[in-house]
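Participant: I'd like to ask some things about the structure below.
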There are 2 protein chains.
Amino acid sequence: MYGLKPAPFKTGSKLTRCKEPEMYMPTHRRANGNTESVDNYLKAILYLGGREESRVTIKALAERLSVAPASVTNMLQKLAASPAPLVAYERHHGVVLSQAGKRRALEVVRHHRLIETFLYEVLDYPIEEVHEEAERLEHFISERFEERIAAKLGHPKIDPHGHSIPTIEGEMAARESMLLADVVREGTFVIDSVSDRDAQNLRLIEACGITPGARVRVRKSSARGCDGYSVRVGRSARVFDLSREVARDVRIIRLAK
Amino acid sequence: MYGLKPAPFKTGSKLTRCKEPEMYMPTHRRANGNTESVDNYLKAILYLGGREESRVTIKALAERLSVAPASVTNMLQKLAASPAPLVAYERHHGVVLSQAGKRRALEVVRHHRLIETFLYEVLDYPIEEVHEEAERLEHFISERFEERIAAKLGHPKIDPHGHSIPTIEGEMAARESMLLADVVREGTFVIDSVSDRDAQNLRLIEACGITPGARVRVRKSSARGCDGYSVRVGRSARVFDLSREVARDVRIIRLAK
DNA sequence: GAGAGATATTAGGTTAGCCTACTAATCACT
DNA sequence: AGTGATTAGTAGGCTAACCTAATATCTCTC
Ligand SMILES: [Mn+2]
Ligand SMILES: [Mn+2]
Ligand SMILES: [Mn+2]
Ligand SMILES: [Mn+2]
């Protein structure tokens, strides 16, 4: 709120006009106090920092967020300068999340994945459409909403793409898996997860029956130069050929022979 | 998107530096093209214009939106000056919605009320909490989301407060009702709707069993100066005394004796 | 250890939405 | 119709997030 009172300071109050810039309320701030943009920076840092939570470069962030590097520098400086900083930023040496930053990032990821699960399970969205909607809504739902959909879904641990949903306490189960695109030795695998970032690829992947938990036989098929991966799902006869690009959107776990 | 290409204009291009301010993409704009703020202005104009769609004053808007009058003037000027204006604004003579503006306003209202219904019916929200959540989410859901929750709910015509939900085509059923606070002659009424704007009042109202469709006996109880309204719900023995303020949050329809 | 190329920062500018303070127009009432 | 109160509009500022262009720093190779 911005003080609707007329603020009738006596004009005769000497020199102390007490201007007090008054600290405007920013126009778009969400329930939790962060803006959508800030949330997205935090998520990107979490993702790019990887399991080891290594320092993330401005360039990597700029690319992931489709934003100019200068904008990233700007934002990080602001985030790092705040009284309770969400990131630790060192000039020319990238950025890492603070405790608070990591917490918030994981909360947004939890929102995102719960929403995806909800859209898929309850609202019957096609798998390739859940991500875009979740990407927006994740910033705007309340804690109550989060809690209610989690309850409705039976407190799921993974989302429809096979990704772990962080707990309320901010723990996310780590998973050991590899890219389908990194297969060299033919073998049998279980689908761990599929990427949600490219709707087109995802639709294609789903059409092949490649879905978390499915069992697949994978072979590198460098036939005629265009290297791809031939995949047979379950015990079906059909064999699909995935391009390298699509194969990079699938994570798998090798079954011990 | 903002043209990631380096835009390498030849420096030797004479005087025509072709600066082209390039029309930046505003940082927060939603799917449909409006910002949250614009949506809220439209909704407020729709509401304040009433059934007759009369001109709305800057002051009324400023109050409803909790914003300074100067901000309203500014916004209306911008909205009216756009190529496909959402409002018709005349200096010193208030504002009305254009066709397009009315359409959008009704769409947002539809979103709002469908979301409220969904939160109440599917996610078991307490009635007094649905409004706040809907007020935020209404701006951020996609058409698909709208369609899916509508389907899930069986295409409801009224929300849990008793308000009409506009159709997809932008039609909203008008309803004939009066404020409980305007009762002078004792009588029997049906609850038409309750206001969702004040959660506290609403909780109180609900606690009395006053809910859309309920039958009530109302009498003005000007006992000891503090004029209120005594209400008996259904055939219960309990009689509740509502303050004028609370009584203004309930709309009723007189039952033909 | 110098320089080239990559990466990051600074400087200056944009839009959207707010604000306050001041000024202008309209209205309402005698 | 005149005038004071109410209402609206203008001018000037602010933050949040972006942008481009120019500059600084780092890193890696020779
Ligand atoms: Mn996703
Ligand atoms: Mn997002
Ligand atoms: Mn509502
Ligand atoms: Mn709203």
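Naming scheme: A, B, ... for chains in displayed order of the structure tokens; residues 1 onward per chain; ligands 1 onward as shown.
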Show me, as a PyMOL selection string, the residues that have an atom within 12 Å of D:DT6 when counting only C-alpha atoms (C1' of nucleotides), minus same-chain residues fewer than 2 positions from it.
Facilitator: (chain B and resi 59) or (chain C and resi 25-28) or (chain D and resi 4+8)
Participant: Residues at most 8 Å from ligand 1, using only C-alpha atoms (C1' of nucleotides) and all ligand atoms? Could they come as a VMD selection string?
Facilitator: chain A and resid 112 to 113 116 130 to 132 134 to 135 161 195 to 197
Participant: Which residues are close to stretch 68-74 of chain B, i.e. within 8 Å by only C-alpha atoms (C1' of nucleotides), leaving aside same-chain residues fewer than 6 positions away? Reply as a CSV table (one decimal) with C-alpha atoms (C1' of nucleotides), in the first residue's frame.
Facilitator:
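The resulting file, part37.csv, is reproduced below:
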chain,number,residue,atom,x,y,z
B,58,ILE,CA,-11.4,8.8,-12.7
B,59,LYS,CA,-12.0,9.1,-9.0
B,61,LEU,CA,-11.5,4.0,-10.6
B,62,ALA,CA,-8.8,5.4,-8.5
C,17,DG,C1',3.1,1.6,-13.8
C,18,DC,C1',3.2,3.7,-10.1
C,19,DC,C1',3.9,8.3,-7.1
D,8,DA,C1',-9.2,15.7,-13.4
D,9,DG,C1',-4.9,16.6,-15.8
Participant: Can you pull out every residue with an atom within 7 Å of ligand 4? Use only C-alpha atoms (C1' of nucleotides) and all ligand atoms and format it as a PyMOL selection string.
Facilitator: chain B and resi 36+40+135-136+138-139
Participant: Deliver the residues from the most recent selection as a file, using N, CA and C atoms, as a short mmCIF file (atom, residue, chain, number, x, y, z; two decimals), in the first residue's frame.
Facilitator:
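What ended up in part12.cif:
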data_model
loop_
_atom_site.label_atom_id
_atom_site.label_comp_id
_atom_site.auth_asym_id
_atom_site.auth_seq_id
_atom_site.Cartn_x
_atom_site.Cartn_y
_atom_site.Cartn_z
N GLU B 36 -1.41 -7.51 -16.35
CA GLU B 36 -2.29 -7.69 -15.20
C GLU B 36 -2.99 -6.38 -14.86
N ASN B 40 -6.99 -5.37 -14.85
CA ASN B 40 -7.69 -4.92 -13.66
C ASN B 40 -8.42 -3.60 -13.89
N GLU B 135 -8.04 -13.67 -7.98
CA GLU B 135 -7.69 -12.33 -8.40
C GLU B 135 -6.32 -12.28 -9.06
N ARG B 136 -5.44 -13.14 -8.58
CA ARG B 136 -4.10 -13.21 -9.17
C ARG B 136 -4.11 -14.10 -10.40
N GLU B 138 -6.34 -15.22 -12.43
CA GLU B 138 -7.19 -14.87 -13.58
C GLU B 138 -6.40 -14.29 -14.76
N HIS B 139 -5.30 -13.65 -14.47
CA HIS B 139 -4.53 -12.99 -15.54
C HIS B 139 -3.52 -13.92 -16.21
#
Participant: Check the smallest atom-to-atom distance from each of A:Val239, A:Ala105, A:Ile165, A:Ile158 to ligand 2 using only C-alpha atoms and all ligand atoms, then report the winner.
Facilitator: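 Of A:Val239, A:Ala105, A:Ile165, A:Ile158, the one nearest ligand 2, counting only C-alpha atoms and all ligand atoms, is A:Ala105.
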Participant: Report the residues of stretch 113-153 of chain B whose backbone DSSP state falls under alpha helix (DSSP H), written as number ranges by chain.
Facilitator: B: 113-121, 127-137, 143-152
Participant: As a list in words, could you give me every residue of chain D near chain B (at most 10 Å apart, counting only C-alpha atoms (C1' of nucleotides))?
Facilitator: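 The contacting residues on chain D are DT7, DA8, DG9, DT10, DA16, DA17, DC18, DC19 and DT20 of chain D.
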Participant: Taking only C-alpha atoms into account and nothing else, which residues of chain A lie no more than 7 Å away from chain B? Please answer as a count of residues only.
Facilitator: 5
Participant: What does the distance from atom CA of B:Gly33 to atom CA of B:Gly170 come to in Å, to one decimal?
Facilitator: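 It comes out at 17.9 Å.
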Participant: At what distance in Å, to one decimal, does atom CA of B:Pro126 lie from atom CA of B:Val194?
Facilitator: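 Atom-to-atom, atom CA of B:Val194 to atom CA of B:Pro126, that is 14.3 Å.
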Participant: Considering only C-alpha atoms (C1' of nucleotides), extract the chain C residues located within 12 Å of chain A and return them as a PyMOL selection string.
Facilitator: chain C and resi 6-11+16-21
Participant: Mind giving me the straight-line distance from atom CA of B:Ser98 to atom CA of B:Pro83 in Å, one decimal?
Facilitator: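 A separation of 12.3 Å between them.
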Participant: Give me the residues within 12 Å of C:DA4 as a list of chain:residue names, counting only C-alpha atoms (C1' of nucleotides) and dropping any in the same chain fewer than 3 places off.
Facilitator: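 That gives D:DC26, D:DT27, D:DC28, D:DT29, D:DC30.
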Participant: Taking C-alpha atoms (C1' of nucleotides) for each residue, export the selection above as a JSON list (two decimals), in the first residue's frame.
Facilitator:
[["chain", "number", "residue", "atom", "x", "y", "z"],
["D", 26, "DC", "C1'", 40.30, -12.39, -17.79],
["D", 27, "DT", "C1'", 42.31, -16.33, -19.93],
["D", 28, "DC", "C1'", 44.84, -18.86, -22.91],
["D", 29, "DT", "C1'", 48.31, -19.44, -26.16],
["D", 30, "DC", "C1'", 52.73, -18.47, -27.83]]
